[in-house]
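Trainee: Let me give you the structure first, and then I'll get to my questions.
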Amino acid sequence: MKKLNPEFYARDAEEVAKDLLGNYLVREINGKILKGKIVETEAYYGYKDPASRAYKGKTNLSEGMWSKPGTIFIYNVHNHWMLNFVTGKENEAQAVLIRALEPIEGVDLMKQYRCKDKLKDLCSGPGKLTRAFKITKEEFHGNLANLDLVIIRSKEIKNIETSHRIGVTRDLPKHLRFFIKNNEFVSK
DNA sequence: CATATGATGGACT
DNA sequence: GTCCATCATATGG
């Protein structure tokens with residue numbers, strides 16, 4: 001078990017998205033641990049990706065996406081916050097979106113933040129997991145290494161499945177969504 | 001200030 | 001599967 005290096009993120013978003021699967025996302029809030037296994041991710045790019053916020057270049061909206069690999073990028077859509085990690089080279093505007101987690105630790109706290117009781121409903125979607133982990137723009141920006149949000153590596157053998165991305169209006173022909181096969185916490 | 005736009009979620013058929 | 005409430009942002013007058 002160890003924290004991922006910044007170099008981990010300085011690769012193509014697709015590679016990072018696949019490697020993040022099976023690892024653990026951990027946040028500490030007031031001495032309580034929130035922990036979830038990453039079971040679903042999506043890769044996003046800059047100018048060449050019409051579904052990306054960075055498609056039209058650097059704006060206030062996508063500013064975080066153009067910074068250093070390993071930076072947390074948070075974005076609001078439909079009143080939900082999306083959690084991303086910047087990948088690739090600085091100023092390349094690549095990112096990996098965390099789409100779903102399997103709740104591991106701190107489940108009671110997640111239920112409280114989500115106002116839901118069913119385990120499967122806690123983190124099975126990009127907007128759900130940010131609410132369960134109490135992630136908002138106010139308390140979350142800056143670099144991954146400096147925050148109380150960490151990734152813990154797992155040795156789990158992953159069976160990775162791919163598909164088109166979900167919810168985007170203009171997707172790329174390539175499959176850029178990755179998830180762990182047969183995991184019931186993947187979003188629908 | 002007014003209006004449009006979602007990388008959604010939840011309720012419903 | 002379909003429909004739509006919701007609101008942080010962007011953009012135009």
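Ordering of the structure tokens sets the chain letters (A, B, ...), residue numbers begin anew at 1 in every chain, and ligands are numbered from 1 in the order given.
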Please return as a ChimeraX atom specification: the residues of region 53-174 of chain A that backbone DSSP assigns to alpha helix (DSSP H).

Mentor: /A:107-114,119-122,126-132

Trainee: Show me, as a Markdown table, the residues of chain C having an atom within 12 Å of chain A, each with the closest atom pair and its distance in Å, using only C-alpha atoms (C1' of nucleotides).

Mentor:
| residue | atom | partner | partner_atom | distance |
| --- | --- | --- | --- | --- |
| C:DG1 | C1' | A:Lys188 | CA | 11.9 |
| C:DC4 | C1' | A:His78 | CA | 11.8 |
| C:DA5 | C1' | A:His78 | CA | 9.7 |
| C:DT6 | C1' | A:Asn79 | CA | 6.4 |
| C:DC7 | C1' | A:Asn79 | CA | 5.2 |
| C:DA8 | C1' | A:Asn76 | CA | 6.3 |
| C:DT9 | C1' | A:Leu61 | CA | 7.5 |
| C:DA10 | C1' | A:Leu61 | CA | 8.5 |

Trainee: For chain A against chain B, which residues fall within 12 Å using only C-alpha atoms (C1' of nucleotides), given as an MDAnalysis selection string?

Mentor: chainID A and resid 41:45 49:54 74:84 95:99 114 116 121:131 165:171 176:177 187:188

Trainee: For the residues in the current selection, export C-alpha atoms as an mmCIF file, in the first residue's frame.

Mentor:
data_model
loop_
_atom_site.group_PDB
_atom_site.id
_atom_site.type_symbol
_atom_site.label_atom_id
_atom_site.label_comp_id
_atom_site.auth_asym_id
_atom_site.auth_seq_id
_atom_site.Cartn_x
_atom_site.Cartn_y
_atom_site.Cartn_z
ATOM 1 C CA THR A 41 -13.316 5.903 -14.938
ATOM 2 C CA GLU A 42 -13.401 7.902 -18.173
ATOM 3 C CA ALA A 43 -10.629 9.621 -20.148
ATOM 4 C CA TYR A 44 -10.978 13.160 -21.502
ATOM 5 C CA TYR A 45 -8.717 15.169 -23.770
ATOM 6 C CA ASP A 49 -12.195 15.994 -27.665
ATOM 7 C CA PRO A 50 -15.551 17.712 -28.340
ATOM 8 C CA ALA A 51 -16.969 16.313 -25.100
ATOM 9 C CA SER A 52 -14.243 17.949 -23.050
ATOM 10 C CA ARG A 53 -14.524 21.234 -21.204
ATOM 11 C CA ALA A 54 -11.106 22.098 -22.616
ATOM 12 C CA ILE A 74 -13.437 19.750 -10.209
ATOM 13 C CA TYR A 75 -16.246 20.699 -12.495
ATOM 14 C CA ASN A 76 -19.946 21.317 -11.955
ATOM 15 C CA VAL A 77 -22.646 20.012 -14.222
ATOM 16 C CA HIS A 78 -26.370 19.663 -13.503
ATOM 17 C CA ASN A 79 -25.723 20.705 -9.943
ATOM 18 C CA HIS A 80 -23.234 17.901 -9.375
ATOM 19 C CA TRP A 81 -19.471 18.053 -8.882
ATOM 20 C CA MET A 82 -17.218 15.864 -11.028
ATOM 21 C CA LEU A 83 -13.904 14.629 -9.654
ATOM 22 C CA ASN A 84 -11.014 14.465 -12.139
ATOM 23 C CA ALA A 95 -7.969 14.337 -17.418
ATOM 24 C CA VAL A 96 -9.461 11.191 -15.935
ATOM 25 C CA LEU A 97 -12.957 11.376 -14.492
ATOM 26 C CA ILE A 98 -13.727 9.146 -11.521
ATOM 27 C CA ARG A 99 -17.204 7.810 -12.270
ATOM 28 C CA ARG A 114 -25.931 11.143 0.481
ATOM 29 C CA LYS A 116 -29.463 7.361 1.112
ATOM 30 C CA ASP A 121 -26.582 3.991 -4.414
ATOM 31 C CA LEU A 122 -23.825 5.704 -2.435
ATOM 32 C CA CYS A 123 -21.048 6.112 -5.032
ATOM 33 C CA SER A 124 -22.336 4.528 -8.259
ATOM 34 C CA GLY A 125 -22.069 7.697 -10.344
ATOM 35 C CA PRO A 126 -19.759 10.707 -10.737
ATOM 36 C CA GLY A 127 -22.097 13.110 -8.946
ATOM 37 C CA LYS A 128 -22.961 10.596 -6.256
ATOM 38 C CA LEU A 129 -19.437 9.876 -5.134
ATOM 39 C CA THR A 130 -18.549 13.559 -4.765
ATOM 40 C CA ARG A 131 -21.543 14.046 -2.482
ATOM 41 C CA ARG A 165 -18.544 7.366 -22.502
ATOM 42 C CA ILE A 166 -21.800 8.066 -20.735
ATOM 43 C CA GLY A 167 -23.916 11.197 -20.956
ATOM 44 C CA VAL A 168 -21.720 13.088 -23.410
ATOM 45 C CA THR A 169 -23.383 14.763 -26.353
ATOM 46 C CA ARG A 170 -20.481 14.378 -28.770
ATOM 47 C CA ASP A 171 -18.342 11.342 -27.999
ATOM 48 C CA LEU A 176 -12.822 5.908 -23.361
ATOM 49 C CA ARG A 177 -14.865 4.540 -20.468
ATOM 50 C CA SER A 187 -22.965 3.244 -12.715
ATOM 51 C CA LYS A 188 -25.683 2.479 -15.234
#

Trainee: Counting only C-alpha atoms (C1' of nucleotides), what is within 6 Å of Lys37 (chain A), bar same-chain residues fewer than 5 positions away, as a list in words?

Mentor: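 My list of contacting residues is Gly22, Asn23, Tyr24, Leu101 and Glu102 of chain A.
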
Trainee: Save the residues we just selected, C-alpha atoms, as a PDB file, in the first residue's frame?

Mentor:
ATOM      1  CA  GLY A  22      -9.020  -1.192  -8.446  1.00  0.00           C
ATOM      2  CA  ASN A  23      -7.100   1.412  -6.463  1.00  0.00           C
ATOM      3  CA  TYR A  24      -8.517   3.108  -3.382  1.00  0.00           C
ATOM      4  CA  LEU A 101     -16.531   3.835  -6.314  1.00  0.00           C
ATOM      5  CA  GLU A 102     -17.237   0.745  -4.274  1.00  0.00           C
TER       6      GLU A 102
END
